[in-house]
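This is final_26.pdb. It holds PDB, C-alpha atoms.
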```pdb
ATOM      1  CA  MET A 201     -23.826 -14.262  -7.202  1.00  0.00           C
ATOM      2  CA  LEU A 202     -20.495 -12.496  -7.538  1.00  0.00           C
ATOM      3  CA  LYS A 203     -20.066  -9.550  -9.865  1.00  0.00           C
ATOM      4  CA  ILE A 204     -16.369  -8.844 -10.321  1.00  0.00           C
ATOM      5  CA  ARG A 205     -15.034  -5.314 -10.768  1.00  0.00           C
ATOM      6  CA  GLN A 206     -11.460  -5.576 -12.035  1.00  0.00           C
ATOM      7  CA  SER A 207      -8.893  -2.989 -11.041  1.00  0.00           C
ATOM      8  CA  GLN A 208      -8.109  -1.887 -14.593  1.00  0.00           C
ATOM      9  CA  ASP A 209     -11.782  -1.128 -15.249  1.00  0.00           C
ATOM     10  CA  ARG A 210     -11.946   1.569 -12.567  1.00  0.00           C
ATOM     11  CA  GLY A 211     -12.044   5.235 -13.455  1.00  0.00           C
ATOM     12  CA  VAL A 212      -8.730   7.106 -13.274  1.00  0.00           C
ATOM     13  CA  ALA A 213      -7.940  10.703 -12.375  1.00  0.00           C
ATOM     14  CA  SER A 214      -4.332  11.851 -12.727  1.00  0.00           C
ATOM     15  CA  PHE A 215      -3.208  15.386 -11.905  1.00  0.00           C
ATOM     16  CA  GLY A 216       0.522  14.925 -11.396  1.00  0.00           C
ATOM     17  CA  TRP A 217       0.353  15.339  -7.617  1.00  0.00           C
ATOM     18  CA  LEU A 218      -2.618  12.937  -7.390  1.00  0.00           C
ATOM     19  CA  ARG A 219      -3.435   9.598  -8.939  1.00  0.00           C
ATOM     20  CA  SER A 220      -6.860   8.315  -7.996  1.00  0.00           C
ATOM     21  CA  GLN A 221      -8.682   5.170  -9.076  1.00  0.00           C
ATOM     22  CA  HIS A 222     -12.460   5.305  -8.705  1.00  0.00           C
ATOM     23  CA  THR A 223     -14.436   2.116  -8.079  1.00  0.00           C
ATOM     24  CA  PHE A 224     -17.677   4.065  -8.574  1.00  0.00           C
ATOM     25  CA  SER A 225     -18.629   7.205 -10.513  1.00  0.00           C
ATOM     26  CA  PHE A 226     -16.834  10.216  -9.093  1.00  0.00           C
ATOM     27  CA  GLY A 227     -15.739  13.618 -10.374  1.00  0.00           C
ATOM     28  CA  HIS A 228     -15.013  13.544 -14.105  1.00  0.00           C
ATOM     29  CA  TYR A 229     -15.481   9.740 -14.187  1.00  0.00           C
ATOM     30  CA  GLN A 230     -19.164   9.011 -14.743  1.00  0.00           C
ATOM     31  CA  ASP A 231     -20.486   5.510 -15.413  1.00  0.00           C
ATOM     32  CA  PRO A 232     -24.216   4.849 -14.866  1.00  0.00           C
ATOM     33  CA  ALA A 233     -23.436   1.143 -14.409  1.00  0.00           C
ATOM     34  CA  HIS A 234     -21.241   1.892 -11.390  1.00  0.00           C
ATOM     35  CA  MET A 235     -22.970   4.353  -9.084  1.00  0.00           C
ATOM     36  CA  GLY A 236     -22.393   2.461  -5.842  1.00  0.00           C
ATOM     37  CA  VAL A 237     -23.835  -0.506  -3.976  1.00  0.00           C
ATOM     38  CA  GLY A 238     -26.634   0.208  -1.519  1.00  0.00           C
ATOM     39  CA  PRO A 239     -25.476   3.132   0.651  1.00  0.00           C
ATOM     40  CA  LEU A 240     -21.823   2.582  -0.368  1.00  0.00           C
ATOM     41  CA  ARG A 241     -21.225   5.434  -2.801  1.00  0.00           C
ATOM     42  CA  VAL A 242     -17.452   5.968  -3.169  1.00  0.00           C
ATOM     43  CA  ILE A 243     -14.240   3.943  -2.933  1.00  0.00           C
ATOM     44  CA  ASN A 244     -11.339   6.012  -4.208  1.00  0.00           C
ATOM     45  CA  GLU A 245      -7.809   4.665  -4.053  1.00  0.00           C
ATOM     46  CA  ASP A 246      -5.687   7.813  -3.758  1.00  0.00           C
ATOM     47  CA  ARG A 247      -1.948   8.327  -4.045  1.00  0.00           C
ATOM     48  CA  VAL A 248      -0.804  11.849  -3.169  1.00  0.00           C
ATOM     49  CA  ALA A 249       2.665  13.232  -3.865  1.00  0.00           C
ATOM     50  CA  PRO A 250       4.877  14.513  -1.021  1.00  0.00           C
ATOM     51  CA  GLY A 251       3.753  17.840   0.394  1.00  0.00           C
ATOM     52  CA  ARG A 252       0.631  18.016  -1.784  1.00  0.00           C
ATOM     53  CA  GLY A 253      -3.026  17.448  -1.091  1.00  0.00           C
ATOM     54  CA  PHE A 254      -6.638  18.526  -1.185  1.00  0.00           C
ATOM     55  CA  GLU A 255      -7.176  22.191  -0.285  1.00  0.00           C
ATOM     56  CA  PRO A 256     -10.061  23.049   2.086  1.00  0.00           C
ATOM     57  CA  HIS A 257     -13.381  22.011   0.576  1.00  0.00           C
ATOM     58  CA  SER A 258     -16.874  21.336   1.883  1.00  0.00           C
ATOM     59  CA  HIS A 259     -19.154  18.312   2.251  1.00  0.00           C
ATOM     60  CA  ARG A 260     -22.556  17.596   3.710  1.00  0.00           C
ATOM     61  CA  ASP A 261     -24.813  14.567   4.278  1.00  0.00           C
ATOM     62  CA  MET A 262     -22.079  11.940   3.875  1.00  0.00           C
ATOM     63  CA  GLU A 263     -20.110   9.538   6.086  1.00  0.00           C
ATOM     64  CA  ILE A 264     -16.475   9.795   4.916  1.00  0.00           C
ATOM     65  CA  ILE A 265     -14.008   7.100   5.974  1.00  0.00           C
ATOM     66  CA  SER A 266     -10.257   7.212   5.351  1.00  0.00           C
ATOM     67  CA  TYR A 267      -8.221   3.985   5.519  1.00  0.00           C
ATOM     68  CA  VAL A 268      -4.474   4.636   5.277  1.00  0.00           C
ATOM     69  CA  LEU A 269      -2.343   1.992   3.566  1.00  0.00           C
ATOM     70  CA  ASP A 270       1.067   3.714   3.469  1.00  0.00           C
ATOM     71  CA  GLY A 271       2.503   7.082   4.421  1.00  0.00           C
ATOM     72  CA  ALA A 272       1.052   9.921   6.497  1.00  0.00           C
ATOM     73  CA  LEU A 273      -2.215  11.779   5.816  1.00  0.00           C
ATOM     74  CA  GLU A 274      -2.767  15.111   7.568  1.00  0.00           C
ATOM     75  CA  HIS A 275      -6.384  16.097   8.260  1.00  0.00           C
ATOM     76  CA  LYS A 276      -7.789  19.452   9.382  1.00  0.00           C
ATOM     77  CA  ASP A 277     -11.443  20.482   9.556  1.00  0.00           C
ATOM     78  CA  SER A 278     -13.802  23.259  10.534  1.00  0.00           C
ATOM     79  CA  MET A 279     -14.773  21.389  13.716  1.00  0.00           C
ATOM     80  CA  GLY A 280     -11.267  22.053  15.057  1.00  0.00           C
ATOM     81  CA  ASN A 281      -9.923  18.551  14.502  1.00  0.00           C
ATOM     82  CA  GLY A 282      -6.370  18.047  13.290  1.00  0.00           C
ATOM     83  CA  SER A 283      -4.364  14.842  13.117  1.00  0.00           C
ATOM     84  CA  VAL A 284      -1.885  12.824  11.066  1.00  0.00           C
ATOM     85  CA  LEU A 285      -3.141   9.380  10.074  1.00  0.00           C
ATOM     86  CA  ARG A 286      -0.785   6.462   9.365  1.00  0.00           C
ATOM     87  CA  TYR A 287      -1.118   2.797   8.500  1.00  0.00           C
ATOM     88  CA  GLY A 288      -3.753   1.149  10.676  1.00  0.00           C
ATOM     89  CA  ASP A 289      -5.607   4.394  11.374  1.00  0.00           C
ATOM     90  CA  VAL A 290      -9.267   4.654  10.397  1.00  0.00           C
ATOM     91  CA  GLN A 291     -10.964   8.038  10.371  1.00  0.00           C
ATOM     92  CA  ARG A 292     -14.697   8.742  10.145  1.00  0.00           C
ATOM     93  CA  MET A 293     -15.941  12.228   9.434  1.00  0.00           C
ATOM     94  CA  SER A 294     -19.699  12.745   9.434  1.00  0.00           C
ATOM     95  CA  ALA A 295     -20.297  15.729   7.172  1.00  0.00           C
ATOM     96  CA  GLY A 296     -23.836  16.118   8.518  1.00  0.00           C
ATOM     97  CA  SER A 297     -25.255  19.600   8.041  1.00  0.00           C
ATOM     98  CA  GLY A 298     -21.933  20.803   6.584  1.00  0.00           C
ATOM     99  CA  VAL A 299     -18.191  20.675   7.222  1.00  0.00           C
ATOM    100  CA  THR A 300     -15.027  21.973   5.568  1.00  0.00           C
ATOM    101  CA  HIS A 301     -11.802  19.967   5.653  1.00  0.00           C
ATOM    102  CA  SER A 302      -8.433  19.515   3.988  1.00  0.00           C
ATOM    103  CA  GLU A 303      -6.256  16.433   3.438  1.00  0.00           C
ATOM    104  CA  PHE A 304      -2.541  16.704   2.755  1.00  0.00           C
ATOM    105  CA  ASN A 305       0.420  14.391   2.536  1.00  0.00           C
ATOM    106  CA  ALA A 306       2.235  15.121   5.797  1.00  0.00           C
ATOM    107  CA  SER A 307       5.580  14.003   4.346  1.00  0.00           C
ATOM    108  CA  LYS A 308       7.842  16.136   2.159  1.00  0.00           C
ATOM    109  CA  THR A 309       9.627  13.061   0.783  1.00  0.00           C
ATOM    110  CA  GLU A 310       7.268  10.058   0.674  1.00  0.00           C
ATOM    111  CA  PRO A 311       3.875   9.576  -1.028  1.00  0.00           C
ATOM    112  CA  VAL A 312       0.728   8.729   0.911  1.00  0.00           C
ATOM    113  CA  HIS A 313      -1.588   5.937  -0.222  1.00  0.00           C
ATOM    114  CA  PHE A 314      -5.091   5.611   1.196  1.00  0.00           C
ATOM    115  CA  LEU A 315      -8.659   4.575   0.483  1.00  0.00           C
ATOM    116  CA  GLN A 316     -11.356   7.219   0.777  1.00  0.00           C
ATOM    117  CA  ILE A 317     -14.801   5.717   1.295  1.00  0.00           C
ATOM    118  CA  TRP A 318     -18.163   7.479   1.261  1.00  0.00           C
ATOM    119  CA  VAL A 319     -21.308   5.991   2.774  1.00  0.00           C
ATOM    120  CA  ILE A 320     -24.685   7.719   2.416  1.00  0.00           C
ATOM    121  CA  PRO A 321     -26.130   8.222   5.933  1.00  0.00           C
ATOM    122  CA  ASN A 322     -29.650   7.242   6.932  1.00  0.00           C
ATOM    123  CA  GLU A 323     -30.007  10.281   9.202  1.00  0.00           C
ATOM    124  CA  GLY A 324     -28.781  13.856   9.353  1.00  0.00           C
ATOM    125  CA  GLY A 325     -27.418  15.857  12.238  1.00  0.00           C
ATOM    126  CA  ALA A 326     -24.433  17.914  13.227  1.00  0.00           C
ATOM    127  CA  PRO A 327     -20.987  17.136  11.788  1.00  0.00           C
ATOM    128  CA  GLY A 328     -18.898  14.646  13.756  1.00  0.00           C
ATOM    129  CA  TYR A 329     -15.443  13.124  13.837  1.00  0.00           C
ATOM    130  CA  GLU A 330     -13.816   9.945  15.139  1.00  0.00           C
ATOM    131  CA  GLU A 331     -10.625   7.986  14.563  1.00  0.00           C
ATOM    132  CA  LYS A 332      -9.362   4.633  15.801  1.00  0.00           C
ATOM    133  CA  HIS A 333      -6.207   2.559  15.289  1.00  0.00           C
ATOM    134  CA  PHE A 334      -6.283  -1.121  14.288  1.00  0.00           C
ATOM    135  CA  ASP A 335      -2.820  -2.667  14.192  1.00  0.00           C
ATOM    136  CA  ALA A 336      -1.889  -5.431  11.774  1.00  0.00           C
ATOM    137  CA  ASP A 337      -2.133  -8.175  14.407  1.00  0.00           C
ATOM    138  CA  ALA A 338      -5.776  -7.282  15.037  1.00  0.00           C
ATOM    139  CA  LYS A 339      -6.569  -8.039  11.381  1.00  0.00           C
ATOM    140  CA  LYS A 340      -4.396 -11.075  10.674  1.00  0.00           C
ATOM    141  CA  GLY A 341      -6.389 -14.202   9.890  1.00  0.00           C
ATOM    142  CA  ARG A 342      -9.691 -12.651  10.916  1.00  0.00           C
ATOM    143  CA  LEU A 343     -12.282 -10.114   9.884  1.00  0.00           C
ATOM    144  CA  ARG A 344     -11.852  -7.177  12.263  1.00  0.00           C
ATOM    145  CA  ILE A 345     -14.805  -4.815  12.379  1.00  0.00           C
ATOM    146  CA  ILE A 346     -13.565  -1.241  11.914  1.00  0.00           C
ATOM    147  CA  ALA A 347     -16.837   0.658  11.367  1.00  0.00           C
ATOM    148  CA  SER A 348     -20.446  -0.054  12.354  1.00  0.00           C
ATOM    149  CA  ASN A 349     -23.756   1.619  13.066  1.00  0.00           C
ATOM    150  CA  ASP A 350     -23.313   1.190  16.825  1.00  0.00           C
ATOM    151  CA  GLY A 351     -19.538   1.465  17.230  1.00  0.00           C
ATOM    152  CA  ARG A 352     -19.350  -2.077  18.542  1.00  0.00           C
ATOM    153  CA  ASP A 353     -16.098  -3.804  19.464  1.00  0.00           C
ATOM    154  CA  GLY A 354     -14.181  -0.543  19.345  1.00  0.00           C
ATOM    155  CA  SER A 355     -15.097   0.326  15.750  1.00  0.00           C
ATOM    156  CA  VAL A 356     -15.820   3.835  14.544  1.00  0.00           C
ATOM    157  CA  SER A 357     -19.524   4.597  14.351  1.00  0.00           C
ATOM    158  CA  LEU A 358     -21.550   5.222  11.188  1.00  0.00           C
ATOM    159  CA  ARG A 359     -24.914   6.884  10.632  1.00  0.00           C
ATOM    160  CA  GLN A 360     -26.012   3.953   8.508  1.00  0.00           C
ATOM    161  CA  ASP A 361     -26.945   0.292   8.960  1.00  0.00           C
ATOM    162  CA  ALA A 362     -23.617  -0.838   7.502  1.00  0.00           C
ATOM    163  CA  SER A 363     -20.504  -2.550   8.783  1.00  0.00           C
ATOM    164  CA  ILE A 364     -16.949  -2.483   7.449  1.00  0.00           C
ATOM    165  CA  TYR A 365     -14.422  -5.210   8.204  1.00  0.00           C
ATOM    166  CA  ALA A 366     -10.681  -5.354   7.456  1.00  0.00           C
ATOM    167  CA  SER A 367      -8.555  -8.472   7.169  1.00  0.00           C
ATOM    168  CA  ILE A 368      -4.954  -9.442   6.451  1.00  0.00           C
ATOM    169  CA  LEU A 369      -4.709 -12.944   4.973  1.00  0.00           C
ATOM    170  CA  ASN A 370      -1.911 -15.145   3.724  1.00  0.00           C
ATOM    171  CA  GLY A 371      -1.225 -18.792   2.928  1.00  0.00           C
ATOM    172  CA  ASP A 372      -3.645 -21.155   4.649  1.00  0.00           C
ATOM    173  CA  ASP A 373      -5.702 -18.373   6.257  1.00  0.00           C
ATOM    174  CA  SER A 374      -9.424 -18.812   5.711  1.00  0.00           C
ATOM    175  CA  VAL A 375     -12.247 -16.639   7.066  1.00  0.00           C
ATOM    176  CA  GLU A 376     -15.994 -16.499   6.501  1.00  0.00           C
ATOM    177  CA  HIS A 377     -18.659 -13.855   6.942  1.00  0.00           C
ATOM    178  CA  ARG A 378     -22.367 -14.712   7.026  1.00  0.00           C
ATOM    179  CA  LEU A 379     -24.866 -12.368   5.443  1.00  0.00           C
ATOM    180  CA  ALA A 380     -28.284 -12.031   7.059  1.00  0.00           C
ATOM    181  CA  ALA A 381     -31.454 -11.960   4.982  1.00  0.00           C
ATOM    182  CA  GLY A 382     -31.835  -8.655   3.167  1.00  0.00           C
ATOM    183  CA  ARG A 383     -28.081  -7.984   3.163  1.00  0.00           C
ATOM    184  CA  GLN A 384     -25.421  -7.793   0.489  1.00  0.00           C
ATOM    185  CA  ALA A 385     -21.639  -7.429   0.555  1.00  0.00           C
ATOM    186  CA  TYR A 386     -18.924  -5.611  -1.304  1.00  0.00           C
ATOM    187  CA  VAL A 387     -15.291  -6.713  -1.179  1.00  0.00           C
ATOM    188  CA  GLN A 388     -12.361  -4.445  -2.056  1.00  0.00           C
ATOM    189  CA  VAL A 389      -8.840  -5.890  -2.277  1.00  0.00           C
ATOM    190  CA  ALA A 390      -6.399  -3.248  -1.044  1.00  0.00           C
ATOM    191  CA  ARG A 391      -3.314  -5.338  -1.833  1.00  0.00           C
ATOM    192  CA  GLY A 392      -2.229  -8.873  -2.568  1.00  0.00           C
ATOM    193  CA  SER A 393      -4.546 -11.550  -3.908  1.00  0.00           C
ATOM    194  CA  VAL A 394      -7.281 -13.715  -2.428  1.00  0.00           C
ATOM    195  CA  SER A 395     -10.055 -16.091  -3.449  1.00  0.00           C
ATOM    196  CA  VAL A 396     -13.596 -14.875  -2.656  1.00  0.00           C
ATOM    197  CA  ASN A 397     -16.231 -17.612  -2.913  1.00  0.00           C
ATOM    198  CA  GLY A 398     -13.928 -19.398  -5.335  1.00  0.00           C
ATOM    199  CA  GLN A 399     -13.179 -16.348  -7.503  1.00  0.00           C
ATOM    200  CA  ARG A 400      -9.625 -15.013  -7.615  1.00  0.00           C
ATOM    201  CA  LEU A 401      -9.203 -11.298  -6.901  1.00  0.00           C
ATOM    202  CA  ASP A 402      -5.970  -9.322  -7.136  1.00  0.00           C
ATOM    203  CA  THR A 403      -4.844  -5.904  -5.913  1.00  0.00           C
ATOM    204  CA  GLY A 404      -7.478  -3.278  -6.703  1.00  0.00           C
ATOM    205  CA  ASP A 405     -10.127  -5.808  -7.739  1.00  0.00           C
ATOM    206  CA  ALA A 406     -13.546  -5.869  -6.105  1.00  0.00           C
ATOM    207  CA  ALA A 407     -16.630  -8.068  -5.951  1.00  0.00           C
ATOM    208  CA  HIS A 408     -20.304  -7.402  -5.303  1.00  0.00           C
ATOM    209  CA  VAL A 409     -21.835 -10.365  -3.461  1.00  0.00           C
ATOM    210  CA  SER A 410     -25.623 -10.675  -3.613  1.00  0.00           C
ATOM    211  CA  GLY A 411     -28.131 -13.495  -3.251  1.00  0.00           C
ATOM    212  CA  GLU A 412     -25.700 -15.504  -1.121  1.00  0.00           C
ATOM    213  CA  ASP A 413     -25.530 -16.023   2.627  1.00  0.00           C
ATOM    214  CA  LEU A 414     -21.784 -16.514   2.958  1.00  0.00           C
ATOM    215  CA  VAL A 415     -18.629 -14.673   1.922  1.00  0.00           C
ATOM    216  CA  ARG A 416     -15.550 -16.898   2.156  1.00  0.00           C
ATOM    217  CA  PHE A 417     -11.925 -15.790   1.818  1.00  0.00           C
ATOM    218  CA  ASP A 418      -9.085 -18.273   1.272  1.00  0.00           C
ATOM    219  CA  SER A 419      -6.016 -19.035  -0.900  1.00  0.00           C
ATOM    220  CA  ALA A 420      -4.555 -15.630  -0.042  1.00  0.00           C
ATOM    221  CA  SER A 421      -1.164 -14.201  -0.871  1.00  0.00           C
ATOM    222  CA  ASP A 422      -0.159 -11.166   1.230  1.00  0.00           C
ATOM    223  CA  ALA A 423      -3.735  -9.881   0.994  1.00  0.00           C
ATOM    224  CA  GLU A 424      -5.386  -6.974   2.769  1.00  0.00           C
ATOM    225  CA  VAL A 425      -9.104  -6.692   2.112  1.00  0.00           C
ATOM    226  CA  LEU A 426     -12.118  -4.660   3.150  1.00  0.00           C
ATOM    227  CA  LEU A 427     -15.566  -6.242   3.435  1.00  0.00           C
ATOM    228  CA  PHE A 428     -18.686  -4.069   3.467  1.00  0.00           C
ATOM    229  CA  ASP A 429     -21.874  -5.610   4.899  1.00  0.00           C
ATOM    230  CA  LEU A 430     -24.695  -3.500   3.479  1.00  0.00           C
ATOM    231  CA  PRO A 431     -28.481  -3.306   3.311  1.00  0.00           C
ATOM    232  CA  LEU A 432     -30.062  -4.011  -0.065  1.00  0.00           C
TER     233      LEU A 432
END
```
Is it possible to give me this structure as structure tokens?
Amino acid sequence: MLKIRQSQDRGVASFGWLRSQHTFSFGHYQDPAHMGVGPLRVINEDRVAPGRGFEPHSHRDMEIISYVLDGALEHKDSMGNGSVLRYGDVQRMSAGSGVTHSEFNASKTEPVHFLQIWVIPNEGGAPGYEEKHFDADAKKGRLRIIASNDGRDGSVSLRQDASIYASILNGDDSVEHRLAAGRQAYVQVARGSVSVNGQRLDTGDAAHVSGEDLVRFDSASDAEVLLFDLPL
């Protein structure tokens, strides 16, 4: 079964310097029907104005993944990490027992556009940090794993039995992902359009896939998608 979440139905936060679209309940947007899927709790599509950003703030007990689509995102945290993320970079910050961080647009002239993803961990521990780069070629016409519970195939590691894949698809590209028993999937279209198990999804749309053993992508037009393989 596919349950479609259309882009225009997401929650919206707009503060001048920030426009954020919330797939699930977050901040001032609260919807009991959309509280997450399994351990996947947040997908926020953020656009931050030049030179602006999120002042230092604290988190705990959450796996926070940033996936940059355009521009430059500057990260600093209380663990001593500091970096500027660009397209293709994937960052994982394990908040663990507590961490403080800030996120700013590193450019004074261009906006930054990124997805912020929160996954509820299945274990605690000290805060941690990791980032990896996945260039476009690594994602074209295939599902490239970018995050997993064991860091396999060069992915960032998660404290949860979940995997995240990224793919760039166009034209005749077709890829499939099999779901094991007791698993479900969530698909988020970052840009472009693509058919998922016969259902057309456009930029910002999403689909919850449950009770099926296969997720198939085809009929794509300049699409970039994320696939989350999750426990029930």
Residues at most 6 Å from Ser367 of chain A, counting all atoms listed in the file, excluding those fewer than 3 positions away in the same chain, as a PyMOL selection string?
chain A and resi 339+342-343+424-425
So what do you get for atom CA of Asn322 of chain A versus atom CA of Ile264 of chain A, distance-wise?
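Computed distance, atom CA of Asn322 of chain A to atom CA of Ile264 of chain A, equals 13.6 Å.
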What does the distance between atom CA of Gln221 of chain A and atom CA of Ala272 of chain A come to in Å, to one decimal place?
19.0 Å
Apply the PyMOL selection byres ((chain A and resi 330-335) around 8) to the structure shown and report the selected residues as a count of residues only.
17
Looking at A:Val212, A:Ile320, A:Val394, A:Ala306, which one is nearest to Glu274 of chain A, with distances taken over all atoms listed in the file?
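That would be A:Ala306, the residue with the smallest distance to Glu274 of chain A.
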